[in-house]
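With mmCIF, C-alpha atoms inside, this is start09.cif:
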```cif
data_final
loop_
_atom_site.label_atom_id
_atom_site.label_comp_id
_atom_site.auth_asym_id
_atom_site.auth_seq_id
_atom_site.Cartn_x
_atom_site.Cartn_y
_atom_site.Cartn_z
CA MET T 27 -38.54 -1.80 -13.17
CA ASP T 28 -35.16 -2.17 -14.89
CA PHE T 29 -32.15 -1.34 -12.76
CA SER T 30 -30.31 1.83 -13.75
CA PRO T 31 -28.02 4.45 -12.19
CA TRP T 32 -31.11 6.49 -11.33
CA VAL T 33 -32.62 3.52 -9.50
CA LEU T 34 -29.40 3.23 -7.49
CA PHE T 35 -29.53 6.97 -6.82
CA THR T 36 -33.13 6.67 -5.62
CA ASP T 37 -32.30 3.77 -3.31
CA ILE T 38 -29.45 5.76 -1.77
CA GLY T 39 -31.68 8.82 -1.46
CA LEU T 40 -34.43 6.89 0.31
CA ILE T 41 -32.06 5.21 2.77
CA SER T 42 -30.38 8.59 3.38
CA LEU T 43 -33.76 10.08 4.21
CA LEU T 44 -34.45 7.29 6.70
CA LEU T 45 -30.98 7.67 8.26
CA LEU T 46 -31.70 11.36 8.87
CA VAL T 47 -35.12 10.49 10.31
CA GLY T 48 -33.43 7.91 12.53
CA THR T 49 -30.93 10.52 13.72
CA ILE T 50 -33.75 12.92 14.62
CA ILE T 51 -35.70 10.20 16.42
CA ARG T 52 -32.59 9.22 18.45
CA ALA T 53 -32.02 12.87 19.34
CA LYS T 54 -35.60 13.61 20.40
CA VAL T 55 -37.36 10.47 21.62
CA LYS T 56 -36.46 9.59 25.22
CA PHE T 57 -37.52 5.96 24.94
CA ILE T 58 -35.21 5.42 21.97
CA GLN T 59 -32.39 7.16 23.83
CA GLN T 60 -32.74 4.75 26.73
CA MET T 61 -32.42 1.85 24.29
CA PHE T 62 -29.24 3.36 22.78
CA LEU T 63 -30.49 2.39 19.33
CA PRO T 64 -28.21 3.68 16.55
CA ALA T 65 -29.82 5.74 13.81
CA SER T 66 -28.92 2.99 11.32
CA ILE T 67 -31.02 0.45 13.24
CA ILE T 68 -33.97 2.86 13.36
CA ALA T 69 -33.58 3.57 9.63
CA GLY T 70 -33.47 -0.15 8.87
CA LEU T 71 -36.61 -0.85 10.86
CA LEU T 72 -38.40 2.00 9.07
CA ALA T 73 -37.19 0.64 5.72
CA LEU T 74 -38.53 -2.79 6.68
CA LEU T 75 -41.87 -1.31 7.77
CA LEU T 76 -42.36 1.09 4.86
CA GLY T 77 -40.43 -0.69 2.10
CA PRO T 78 -41.32 -3.55 -0.27
CA ASN T 79 -41.22 -6.14 2.54
CA GLY T 80 -43.64 -4.08 4.63
CA PHE T 81 -46.40 -1.69 3.53
CA GLY T 82 -44.72 -0.90 0.21
CA ILE T 83 -44.86 2.88 0.67
CA LEU T 84 -41.20 3.54 -0.16
CA PRO T 85 -40.21 2.37 -3.67
CA PHE T 86 -36.92 0.62 -2.94
CA SER T 87 -35.67 -1.51 -5.83
CA ASP T 88 -35.24 -5.27 -5.71
CA GLN T 89 -31.46 -4.68 -5.55
CA MET T 90 -31.82 -3.60 -1.94
CA LYS T 91 -30.60 -6.98 -0.67
CA VAL T 92 -27.49 -6.85 -2.90
CA TYR T 93 -26.03 -3.65 -1.46
CA PRO T 94 -24.91 -5.19 1.87
CA ALA T 95 -22.76 -7.74 0.01
CA ILE T 96 -20.95 -4.87 -1.76
CA LEU T 97 -20.59 -2.78 1.36
CA ILE T 98 -19.11 -5.63 3.39
CA ALA T 99 -16.33 -5.88 0.80
CA VAL T 100 -15.65 -2.19 1.40
CA ILE T 101 -15.58 -2.69 5.18
CA PHE T 102 -13.29 -5.73 5.10
CA GLY T 103 -11.02 -4.01 2.60
CA THR T 104 -10.39 -1.18 5.07
CA LEU T 105 -9.35 -3.44 7.95
CA PRO T 106 -5.67 -3.81 6.94
CA LEU T 107 -5.39 -0.03 6.54
CA LEU T 108 -6.62 0.44 10.12
CA SER T 109 -4.71 -2.38 11.87
CA PRO T 110 -1.59 -1.51 13.89
CA ARG T 111 1.31 -3.89 14.38
CA ILE T 112 0.73 -6.69 16.87
CA ASP T 113 2.59 -6.19 20.15
CA TRP T 114 2.78 -9.82 21.30
CA ASN T 115 4.64 -8.93 24.51
CA ALA T 116 1.93 -6.50 25.60
CA ILE T 117 -0.75 -9.05 24.76
CA LYS T 118 1.06 -11.72 26.77
CA THR T 119 1.64 -9.54 29.83
CA ARG T 120 -0.94 -6.77 30.00
CA VAL T 121 -4.07 -8.01 28.25
CA GLY T 122 -3.67 -11.78 28.19
CA SER T 123 -6.84 -12.27 30.18
CA MET T 124 -8.86 -10.02 27.89
CA TRP T 125 -7.46 -11.67 24.76
CA SER T 126 -8.07 -15.26 25.89
CA TYR T 127 -11.51 -14.43 27.32
CA SER T 128 -12.63 -12.57 24.18
CA GLN T 129 -11.14 -15.11 21.80
CA LEU T 130 -12.86 -17.98 23.60
CA ALA T 131 -16.19 -16.13 23.57
CA MET T 132 -15.96 -15.59 19.82
CA VAL T 133 -14.65 -18.98 18.72
CA LEU T 134 -16.97 -21.05 20.88
CA MET T 135 -20.05 -19.17 19.74
CA TRP T 136 -19.19 -20.03 16.14
CA GLY T 137 -18.52 -23.69 16.89
CA GLY T 138 -21.09 -24.03 19.67
CA GLY T 139 -23.89 -22.43 17.67
CA LEU T 140 -23.31 -24.76 14.75
CA LEU T 141 -23.05 -27.81 17.02
CA PHE T 142 -26.28 -26.88 18.83
CA ALA T 143 -28.11 -26.64 15.53
CA LEU T 144 -26.61 -29.82 14.07
CA LEU T 145 -27.65 -31.84 17.12
CA LEU T 146 -30.90 -30.23 18.29
CA ILE T 147 -32.40 -28.23 15.41
CA ASN T 148 -31.44 -29.71 12.05
CA PRO T 149 -32.72 -33.24 12.82
CA PHE T 150 -36.21 -31.91 13.68
CA TRP T 151 -36.69 -29.03 11.24
CA ASP T 152 -36.00 -28.79 7.54
CA VAL T 153 -33.23 -26.19 7.73
CA HIS T 154 -29.94 -25.72 5.90
CA ASP T 155 -26.82 -27.40 7.30
CA GLY T 156 -25.35 -23.94 7.97
CA PHE T 157 -28.32 -22.72 10.00
CA GLY T 158 -26.31 -22.75 13.24
CA LEU T 159 -23.74 -20.33 11.81
CA LEU T 160 -26.39 -17.62 11.73
CA LEU T 161 -26.06 -17.22 15.50
CA ALA T 162 -22.45 -16.09 15.57
CA ALA T 163 -22.81 -14.28 12.25
CA GLY T 164 -25.49 -12.05 13.75
CA PHE T 165 -24.57 -11.93 17.44
CA VAL T 166 -20.77 -11.81 17.50
CA GLY T 167 -20.39 -10.51 13.98
CA GLY T 168 -23.19 -7.97 13.70
CA HIS T 169 -24.89 -6.87 10.51
CA GLY T 170 -21.62 -6.73 8.56
CA THR T 171 -20.71 -10.34 9.18
CA ALA T 172 -24.36 -11.33 8.73
CA ALA T 173 -24.23 -9.78 5.26
CA ALA T 174 -21.03 -11.67 4.49
CA ILE T 175 -22.30 -15.06 5.64
CA GLY T 176 -25.68 -14.52 4.02
CA ALA T 177 -24.13 -13.57 0.69
CA THR T 178 -21.89 -16.64 0.70
CA PHE T 179 -24.78 -19.00 1.35
CA GLU T 180 -27.01 -17.22 -1.18
CA GLN T 181 -24.37 -17.69 -3.87
CA ASN T 182 -24.58 -21.39 -3.10
CA GLY T 183 -28.34 -21.72 -3.33
CA TRP T 184 -29.66 -20.87 0.15
CA GLU T 185 -31.72 -17.85 -0.83
CA GLU T 186 -33.18 -17.16 2.63
CA ALA T 187 -29.76 -16.93 4.30
CA THR T 188 -29.34 -13.14 4.20
CA SER T 189 -32.80 -12.41 5.63
CA LEU T 190 -32.21 -14.88 8.46
CA ALA T 191 -28.70 -13.61 9.17
CA MET T 192 -29.91 -10.00 9.27
CA THR T 193 -32.69 -11.06 11.63
CA SER T 194 -30.09 -12.66 13.88
CA ALA T 195 -28.03 -9.46 13.95
CA THR T 196 -31.09 -7.30 14.66
CA VAL T 197 -32.30 -9.54 17.50
CA GLY T 198 -28.78 -9.58 18.88
CA ILE T 199 -28.33 -5.83 18.94
CA MET T 200 -31.75 -5.31 20.57
CA SER T 201 -30.93 -7.94 23.20
CA ALA T 202 -27.55 -6.37 23.86
CA ILE T 203 -29.11 -3.16 25.12
CA LEU T 204 -32.50 -4.22 26.50
CA ILE T 205 -31.15 -7.15 28.52
CA GLY T 206 -27.86 -5.38 29.22
CA ILE T 207 -29.68 -2.53 30.98
CA LEU T 208 -31.46 -5.08 33.18
CA PHE T 209 -28.10 -6.66 34.07
CA ILE T 210 -26.73 -3.26 35.03
CA LYS T 211 -29.68 -2.58 37.31
CA TRP T 212 -29.21 -6.00 38.90
CA GLY T 213 -25.46 -5.55 39.26
CA SER T 214 -25.76 -2.15 40.89
CA SER T 215 -28.33 -3.45 43.39
CA LYS T 216 -25.96 -6.31 44.33
CA GLY T 217 -22.91 -4.06 44.66
CA HIS T 218 -21.05 -5.59 41.71
CA THR T 219 -20.42 -2.29 39.91
CA SER T 220 -17.44 -0.12 40.74
CA PHE T 221 -18.13 3.26 39.08
CA LEU T 222 -21.81 3.18 38.19
CA ALA T 223 -23.31 6.34 36.78
CA SER T 224 -27.03 6.85 36.42
CA PHE T 225 -28.49 7.31 32.99
CA LYS T 226 -29.22 10.95 33.82
CA ASP T 227 -25.52 11.56 34.44
CA LEU T 228 -24.45 10.42 30.98
CA PRO T 229 -23.28 13.19 28.63
CA ASP T 230 -25.88 14.41 26.17
CA GLU T 231 -23.99 13.07 23.17
CA MET T 232 -24.27 9.52 24.57
CA ARG T 233 -28.03 9.81 24.88
CA THR T 234 -28.97 11.95 21.88
CA GLY T 235 -26.17 11.06 19.48
CA LEU T 236 -25.51 14.76 18.82
CA ILE T 237 -22.09 16.15 19.76
CA PRO T 238 -21.99 19.83 20.83
CA PRO T 239 -19.16 22.01 19.42
CA GLU T 240 -17.18 22.05 22.67
CA SER T 241 -17.07 18.24 22.84
CA ARG T 242 -15.95 17.57 19.28
CA THR T 243 -12.54 16.10 18.46
CA LYS T 244 -10.47 17.00 15.44
CA SER T 245 -9.63 14.37 12.84
CA GLU T 246 -6.63 14.17 10.56
CA THR T 247 -8.08 14.54 7.09
CA ASP T 248 -5.89 16.73 4.89
CA THR T 249 -3.12 14.30 3.99
CA VAL T 250 -3.27 15.50 0.39
CA SER T 251 -3.97 18.98 -0.96
CA SER T 252 -7.45 19.71 -2.24
CA ILE T 253 -5.78 21.63 -5.05
CA SER T 254 -4.81 18.22 -6.42
CA ILE T 255 -7.61 15.98 -5.14
CA ASP T 256 -10.06 16.18 -2.30
CA PRO T 257 -8.80 14.08 0.66
CA TYR T 258 -12.06 12.16 0.94
CA VAL T 259 -12.09 11.34 -2.78
CA PHE T 260 -8.46 10.22 -2.47
CA HIS T 261 -9.22 7.84 0.38
CA LEU T 262 -12.49 6.66 -1.13
CA SER T 263 -10.62 5.84 -4.35
CA ILE T 264 -8.13 3.63 -2.49
CA ILE T 265 -10.88 1.80 -0.61
CA THR T 266 -13.05 1.35 -3.70
CA ILE T 267 -10.11 -0.07 -5.67
CA ILE T 268 -9.47 -2.56 -2.85
CA ALA T 269 -13.11 -3.68 -2.75
CA MET T 270 -13.25 -3.88 -6.55
CA GLY T 271 -10.07 -5.95 -6.53
CA GLY T 272 -11.72 -8.39 -4.15
CA TYR T 273 -14.73 -8.66 -6.44
CA TYR T 274 -12.68 -9.33 -9.57
CA LEU T 275 -10.57 -11.90 -7.74
CA SER T 276 -13.75 -13.68 -6.65
CA GLN T 277 -14.95 -13.67 -10.26
CA LEU T 278 -11.61 -15.06 -11.41
CA GLY T 279 -11.80 -17.75 -8.72
CA ALA T 280 -15.29 -18.70 -9.89
CA MET T 281 -13.95 -19.16 -13.43
CA LEU T 282 -10.95 -21.26 -12.34
CA LEU T 283 -12.75 -23.23 -9.62
CA PRO T 284 -16.48 -23.28 -10.41
CA SER T 285 -17.25 -25.59 -7.49
CA VAL T 286 -15.68 -23.27 -4.90
CA VAL T 287 -17.10 -19.84 -4.03
CA ILE T 288 -14.56 -17.54 -2.36
CA PRO T 289 -16.38 -14.49 -0.96
CA ALA T 290 -15.44 -11.09 -2.36
CA PHE T 291 -15.10 -9.62 1.15
CA SER T 292 -12.39 -12.12 2.11
CA LEU T 293 -10.44 -11.42 -1.06
CA ALA T 294 -10.91 -7.68 -0.49
CA PHE T 295 -9.17 -8.15 2.85
CA LEU T 296 -6.24 -9.82 1.04
CA VAL T 297 -6.11 -7.01 -1.50
CA GLY T 298 -6.13 -4.58 1.42
CA LEU T 299 -3.12 -6.36 2.92
CA PHE T 300 -1.36 -6.09 -0.45
CA VAL T 301 -2.12 -2.37 -0.73
CA LYS T 302 -0.99 -1.84 2.86
CA LYS T 303 2.31 -3.58 2.01
CA ILE T 304 2.81 -1.31 -1.00
CA LEU T 305 2.09 1.79 1.08
CA ASN T 306 4.54 0.73 3.77
CA SER T 307 7.31 -0.25 1.37
CA THR T 308 7.02 3.02 -0.60
CA ASP T 309 6.73 5.14 2.56
CA THR T 310 3.41 6.54 1.34
CA ASP T 311 1.30 5.16 4.20
CA LYS T 312 1.72 8.53 5.94
CA TYR T 313 -0.62 10.01 3.33
CA VAL T 314 -3.43 7.61 4.22
CA SER T 315 -5.35 8.90 7.22
CA LYS T 316 -6.74 6.25 9.54
CA ASP T 317 -9.31 8.79 10.70
CA VAL T 318 -10.74 9.17 7.19
CA VAL T 319 -10.56 5.45 6.43
CA SER T 320 -12.35 4.74 9.71
CA ARG T 321 -15.08 7.26 8.86
CA ILE T 322 -15.61 5.75 5.41
CA SER T 323 -15.75 2.26 6.92
CA GLY T 324 -18.20 3.46 9.58
CA SER T 325 -20.37 5.12 6.94
CA ALA T 326 -20.44 1.92 4.92
CA THR T 327 -21.46 0.03 8.07
CA ASP T 328 -24.36 2.38 8.80
CA ILE T 329 -25.68 2.11 5.26
CA LEU T 330 -25.20 -1.67 5.31
CA VAL T 331 -27.20 -2.00 8.54
CA ALA T 332 -30.04 0.12 7.20
CA PHE T 333 -30.26 -1.74 3.88
CA GLY T 334 -29.71 -5.09 5.58
CA ILE T 335 -32.60 -4.76 8.02
CA GLY T 336 -34.82 -3.24 5.34
CA SER T 337 -34.22 -6.23 3.06
CA ILE T 338 -35.34 -8.81 5.64
CA SER T 339 -38.15 -10.99 4.31
CA ILE T 340 -40.74 -11.20 7.08
CA SER T 341 -42.37 -14.27 5.53
CA VAL T 342 -39.03 -16.12 5.57
CA VAL T 343 -38.47 -15.22 9.23
CA LEU T 344 -41.95 -16.51 10.12
CA ASP T 345 -41.26 -19.76 8.28
CA TYR T 346 -38.15 -20.27 10.43
CA ALA T 347 -39.63 -18.81 13.62
CA VAL T 348 -39.33 -21.81 15.97
CA PRO T 349 -35.76 -22.89 15.08
CA LEU T 350 -34.69 -19.22 15.13
CA ILE T 351 -36.11 -18.75 18.63
CA LEU T 352 -34.32 -21.87 19.86
CA LEU T 353 -31.04 -20.71 18.32
CA PHE T 354 -31.37 -17.22 19.80
CA VAL T 355 -32.19 -18.56 23.28
CA PHE T 356 -29.08 -20.72 23.13
CA GLY T 357 -27.02 -17.71 22.08
CA LEU T 358 -28.36 -15.52 24.89
CA VAL T 359 -27.72 -18.20 27.51
CA TYR T 360 -24.22 -18.68 26.13
CA ALA T 361 -23.46 -14.93 26.25
CA PHE T 362 -24.90 -14.74 29.77
CA LEU T 363 -22.52 -17.47 30.98
CA PHE T 364 -19.52 -15.53 29.72
CA PHE T 365 -20.83 -12.35 31.34
CA ALA T 366 -21.88 -13.76 34.71
CA VAL T 367 -19.55 -16.75 35.21
CA PHE T 368 -16.38 -16.66 33.15
CA SER T 369 -15.73 -12.93 33.57
CA LYS T 370 -15.21 -13.53 37.31
CA LYS T 371 -12.61 -16.18 36.54
CA PHE T 372 -10.65 -14.11 34.03
CA PHE T 373 -10.88 -10.70 35.71
CA PRO T 374 -10.19 -10.47 39.46
CA GLU T 375 -10.77 -6.71 39.19
CA TYR T 376 -13.72 -5.02 37.48
CA TRP T 377 -15.29 -8.28 36.36
CA PHE T 378 -18.70 -6.66 36.00
CA GLU T 379 -17.48 -3.82 33.81
CA LYS T 380 -15.52 -6.13 31.53
CA GLY T 381 -18.29 -8.68 31.54
CA ILE T 382 -21.04 -6.23 30.60
CA PHE T 383 -18.88 -4.89 27.78
CA THR T 384 -18.44 -8.44 26.51
CA TRP T 385 -22.19 -9.06 26.80
CA GLY T 386 -22.69 -6.06 24.52
CA TRP T 387 -20.38 -7.22 21.75
CA THR T 388 -21.19 -10.94 21.95
CA THR T 389 -24.86 -10.21 21.39
CA GLY T 390 -24.73 -6.99 19.42
CA THR T 391 -21.70 -4.97 18.38
CA VAL T 392 -18.66 -3.37 19.99
CA ALA T 393 -20.59 -0.09 19.89
CA MET T 394 -23.31 -1.65 22.05
CA GLY T 395 -20.66 -2.94 24.44
CA MET T 396 -19.21 0.56 24.63
CA ALA T 397 -22.62 2.05 25.37
CA LEU T 398 -23.18 -0.35 28.28
CA LEU T 399 -19.62 0.15 29.53
CA ARG T 400 -20.07 3.92 29.49
CA ILE T 401 -22.98 3.57 31.92
CA VAL T 402 -21.05 1.51 34.48
CA ASP T 403 -17.64 3.10 33.86
CA PRO T 404 -18.14 6.66 32.59
CA LYS T 405 -14.50 7.71 33.09
CA SER T 406 -12.97 4.51 31.65
CA GLU T 407 -11.26 3.75 34.95
CA SER T 408 -11.45 -0.01 34.42
CA LYS T 409 -9.38 0.31 31.20
CA THR T 410 -11.72 -2.24 29.61
CA LEU T 411 -11.83 -0.60 26.20
CA ASP T 412 -8.08 0.02 26.17
CA ASP T 413 -7.42 -3.65 26.90
CA TYR T 414 -9.95 -4.87 24.34
CA SER T 415 -8.57 -2.61 21.61
CA LEU T 416 -5.13 -4.13 22.07
CA ALA T 417 -6.44 -7.67 22.49
CA TYR T 418 -8.55 -7.45 19.33
CA ILE T 419 -5.50 -7.04 17.07
CA PRO T 420 -4.71 -10.80 16.98
CA ILE T 421 -8.42 -11.65 17.23
CA ALA T 422 -9.27 -9.91 13.94
CA PRO T 423 -7.45 -12.39 11.64
CA VAL T 424 -9.14 -15.29 13.44
CA GLU T 425 -12.53 -13.67 12.95
CA ILE T 426 -11.88 -13.19 9.24
CA MET T 427 -10.86 -16.85 8.86
CA LEU T 428 -14.01 -17.95 10.69
CA VAL T 429 -16.23 -15.82 8.45
CA THR T 430 -14.45 -17.06 5.34
CA PHE T 431 -14.06 -20.77 5.98
CA ALA T 432 -17.05 -21.63 8.19
CA PRO T 433 -19.61 -21.54 5.36
CA MET T 434 -17.18 -23.18 2.94
CA LEU T 435 -16.69 -26.16 5.26
CA VAL T 436 -20.42 -26.45 5.90
CA LEU T 437 -21.18 -26.30 2.17
CA ASN T 438 -18.76 -29.18 1.69
CA SER T 439 -20.54 -31.25 4.37
CA GLN T 440 -17.75 -30.66 6.88
CA GLY T 441 -19.81 -28.99 9.60
CA PHE T 442 -18.61 -31.29 12.36
CA VAL T 443 -15.02 -30.77 11.18
CA PHE T 444 -15.48 -27.02 11.67
CA VAL T 445 -16.92 -27.64 15.14
CA ALA T 446 -13.93 -29.83 16.02
CA ILE T 447 -11.48 -27.17 14.80
CA THR T 448 -13.10 -24.42 16.86
CA PHE T 449 -13.25 -26.55 20.00
CA ALA T 450 -9.62 -27.65 19.58
CA PHE T 451 -8.53 -24.04 19.11
CA ALA T 452 -10.52 -23.02 22.19
CA PHE T 453 -8.87 -25.78 24.21
CA VAL T 454 -5.43 -24.50 23.22
CA ILE T 455 -6.40 -21.00 24.34
CA TYR T 456 -7.71 -22.42 27.61
CA LEU T 457 -4.39 -24.18 28.25
CA MET T 458 -2.52 -20.95 27.48
CA ALA T 459 -4.74 -19.06 29.89
CA ILE T 460 -3.86 -21.54 32.64
CA LYS T 461 -0.14 -21.55 31.81
CA TYR T 462 0.21 -17.77 31.80
CA LYS T 463 -2.17 -17.31 34.77
CA TRP T 464 -4.73 -15.38 32.76
CA LEU T 465 -7.44 -17.59 34.25
CA ASN T 466 -8.24 -18.22 37.90
CA ARG T 467 -10.04 -21.56 37.94
CA LYS T 468 -10.87 -21.24 41.68
CA ALA T 469 -12.72 -17.93 41.32
#
```
Encoded form (structure tokens):
Amino acid sequence: MDFSPWVLFTDIGLISLLLLVGTIIRAKVKFIQQMFLPASIIAGLLALLLGPNGFGILPFSDQMKVYPAILIAVIFGTLPLLSPRIDWNAIKTRVGSMWSYSQLAMVLMWGGGLLFALLLINPFWDVHDGFGLLLAAGFVGGHGTAAAIGATFEQNGWEEATSLAMTSATVGIMSAILIGILFIKWGSSKGHTSFLASFKDLPDEMRTGLIPPESRTKSETDTVSSISIDPYVFHLSIITIIAMGGYYLSQLGAMLLPSVVIPAFSLAFLVGLFVKKILNSTDTDKYVSKDVVSRISGSATDILVAFGIGSISISVVLDYAVPLILLFVFGLVYAFLFFAVFSKKFFPEYWFEKGIFTWGWTTGTVAMGMALLRIVDPKSESKTLDDYSLAYIPIAPVEIMLVTFAPMLVLNSQGFVFVAITFAFAFVIYLMAIKYKWLNRKA
């Protein structure tokens, strides 16, 4: 079937149907509620089961696997519009431990995952040199980063990359909750938790995903008058222009430097920085609502997750089953060490709460970390999320550089150079943590 606007419309309609079904399942099925599975994950699994890679009941087009690469450009393009200014003094004094701990967890999973594969997987299985990057792409990065890494490798000839990266992200997010719940039960039995709430005590919106009228919060949306242009169309136009700018810059780069592939999502981030600069310098940033931009970015993420999981090739995953299992086991052990060992050294207070949150985002997503944190700290008394939100500001640029340059170095046979860079950077952070007393080595 030839691709056309109606084919695109049908694909969106089918995934929308599955997202609604996923929302209903999350709201009604107790077992799914206990797993905290987002509707987008449920929709993706249904798309995988019923779509072309499963029973072939739903007629998705063969462009299904392309959509995540477009959506990740949208998501990365919104990041500059959402980022506040970096308060280095607050990071140094208030959240130094959280910043150094989180930065180490992220950087070392990228470098450590690649090193593990280069030494213990690649020599014994016929896999791509970048196979080890799939761990961090899926676990630390989630489905968005998995789409980015997969698209970059696909453009350079590794066709199975996106399916494998999406598998990594899906396994990660399932592990985040299923194993995280077991850790919480263990921690509460050992007296490690400080404010534990039972699952029954959680608010309904946490379990069902449906927010009652009295619990809803208002968002700032009407920054422009609908007489002129609808606020959502206004914001969507800005974001689409940014993502499109990233795409055209990547096409221009391909013409000027055919041997180098610069991902559209990375260039979309740069275009976003440029647009942010223009908004600030013209004093028009006050007309761009972070609430609306965040909602558009979140919507793009949900659709990306659903399409990404649905586009997984089961046959490819089975072909890579053994090396994938080894890589995932390494990743889970790694995340467990940060949760159970290093969190005690960085956080003299509330180590379990901060550790379980980190387990959630180093295996799944920040949303999974928040879900686990809400169980053990329902009133946010540990200030874990507050600290992480501030600490993530300087982490975000590092993450973008990792996503951008990791595959490029690997594709140029510089995998061990990338490993060396990440380990050297981690060592510098470790020395800073000692100097500023963010780390208690005797704990």
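Reported to one decimal place, the separation of CA of Pro149 (chain T) from CA of Leu352 (chain T) is 13.5 Å.
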Q: Would you translate the PyMOL selection byres ((chain T and resi 232) around 12) into the concrete set of residues it matches in this file, as a VMD selection string?
A: chain T and resid 52 to 53 58 to 64 225 to 231 233 to 238 241 393 to 394 396 to 401 404
Q: Could you list the residues chosen by the PyMOL selection byres ((chain T and resi 48) around 9) in this structure as number ranges by chain?
A: T: 43-47, 49-53, 64-70, 72
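Distances from T:Ser408, T:Ser251, T:Ser30, T:Ser123 to Tyr462 (chain T) were compared using all atoms listed in the file, and the smallest one belongs to T:Ser123.
For the choices T:Glu180, T:Glu379, T:Asp37, T:Asp248, the atom-to-atom distance to Gln89 (chain T) is smallest for T:Asp37 when using only C-alpha atoms.
Using only C-alpha atoms, the nearest neighbour of Glu246 (chain T) within the list T:Ala450, T:Ile210, T:Asp317, T:Leu278 is T:Asp317.
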Q) From the set T:Leu105, T:Ala172, T:Leu134, T:Ala347, which residue has the shortest atom-to-atom contact distance to Val297 (chain T), counting all atoms listed in the file? A) T:Leu105
Q. Applied to the shown file, which residues does the PyMOL selection byres ((chain T and resi 184) around 12) return, written as a list of chain:residue names?
A. T:Val153, T:His154, T:Asp155, T:Gly156, T:Phe157, T:Ile175, T:Gly176, T:Ala177, T:Thr178, T:Phe179, T:Glu180, T:Gln181, T:Asn182, T:Gly183, T:Glu185, T:Glu186, T:Ala187, T:Thr188, T:Ser189, T:Leu190, T:Ala191, T:Val342, T:Pro433, T:Leu437
Q: Step by step: start from the point (-16.8, -17.9, 21.8) in the file's coordinates, keep every protein, DNA or RNA residue that has an atom no farther than 6 Å from it, count only C-alpha atoms, and write the set as a PyMOL selection string.
A: chain T and resi 130-135
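With all atoms listed in the file as the atoms that count, the residue of T:Leu146, T:Val301, T:Val402, T:Ile447 with the shortest distance to Ile267 (chain T) is T:Val301.
From CA of Asp412 (chain T) back to CA of Pro374 (chain T), the distance works out to 17.1 Å.
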Q. Taking (-15.9, -23.6, 16.4) in the file's coordinates as the center, which residues reach within 8 Å of it, counting all atoms listed in the file, put as number ranges by chain?
A. T: 133-138, 140, 444-449, 451-452
Any chance you can output those residues with C-alpha atoms as a JSON list (two decimals), in the coordinates of the input?
```
[["chain", "number", "residue", "atom", "x", "y", "z"],
["T", 133, "VAL", "CA", -14.65, -18.98, 18.72],
["T", 134, "LEU", "CA", -16.97, -21.05, 20.88],
["T", 135, "MET", "CA", -20.05, -19.17, 19.74],
["T", 136, "TRP", "CA", -19.19, -20.03, 16.14],
["T", 137, "GLY", "CA", -18.52, -23.69, 16.89],
["T", 138, "GLY", "CA", -21.09, -24.03, 19.67],
["T", 140, "LEU", "CA", -23.31, -24.76, 14.75],
["T", 444, "PHE", "CA", -15.48, -27.02, 11.67],
["T", 445, "VAL", "CA", -16.92, -27.64, 15.14],
["T", 446, "ALA", "CA", -13.93, -29.83, 16.02],
["T", 447, "ILE", "CA", -11.48, -27.17, 14.80],
["T", 448, "THR", "CA", -13.10, -24.42, 16.86],
["T", 449, "PHE", "CA", -13.25, -26.55, 20.00],
["T", 451, "PHE", "CA", -8.53, -24.04, 19.11],
["T", 452, "ALA", "CA", -10.52, -23.02, 22.19]]
```
Q) Can you tell me, as an MDAnalysis selection string, what residues are no more than 10 Å from Phe86 (chain T) when counting all atoms listed in the file, ignoring any on the same chain fewer than 6 positions away? A) chainID T and resid 33:34 36:41 73 76:79 333 336:337
Please dump the current selection as a short mmCIF file (atom, residue, chain, number, x, y, z; two decimals), in the frame of the given file; keep C-alpha atoms.
```
data_model
loop_
_atom_site.label_atom_id
_atom_site.label_comp_id
_atom_site.auth_asym_id
_atom_site.auth_seq_id
_atom_site.Cartn_x
_atom_site.Cartn_y
_atom_site.Cartn_z
CA VAL T 33 -32.62 3.52 -9.50
CA LEU T 34 -29.40 3.23 -7.49
CA THR T 36 -33.13 6.67 -5.62
CA ASP T 37 -32.30 3.77 -3.31
CA ILE T 38 -29.45 5.76 -1.77
CA GLY T 39 -31.68 8.82 -1.46
CA LEU T 40 -34.43 6.89 0.31
CA ILE T 41 -32.06 5.21 2.77
CA ALA T 73 -37.19 0.64 5.72
CA LEU T 76 -42.36 1.09 4.86
CA GLY T 77 -40.43 -0.69 2.10
CA PRO T 78 -41.32 -3.55 -0.27
CA ASN T 79 -41.22 -6.14 2.54
CA PHE T 333 -30.26 -1.74 3.88
CA GLY T 336 -34.82 -3.24 5.34
CA SER T 337 -34.22 -6.23 3.06
#
```
Q.
If I take CA of Gln440 (chain T) and CA of Leu283 (chain T), how far is one from the other in Å, to one decimal?
A. 18.8 Å
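Closest approach to Leu144 (chain T) from the set T:Ile382, T:Leu353, T:Val197, T:Leu416 is made by T:Leu353, with distances taken over all atoms listed in the file.
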Padded axis-aligned box of region 362-369 of chain T (8 Å per side), centre and edge lengths, Å, one decimal, as lines of an AutoDock Vina configuration file:
```
center_x = -20.3
center_y = -14.9
center_z = 32.5
size_x = 25.2
size_y = 21.1
size_z = 21.5
```
(Q) as an MDAnalysis selection string, please: the residues near Thr219 (chain T) (cut-off 8 Å, only C-alpha atoms, same-chain neighbours under 2 positions excluded). (A) chainID T and resid 213:214 217 221:222 376 378:379 402
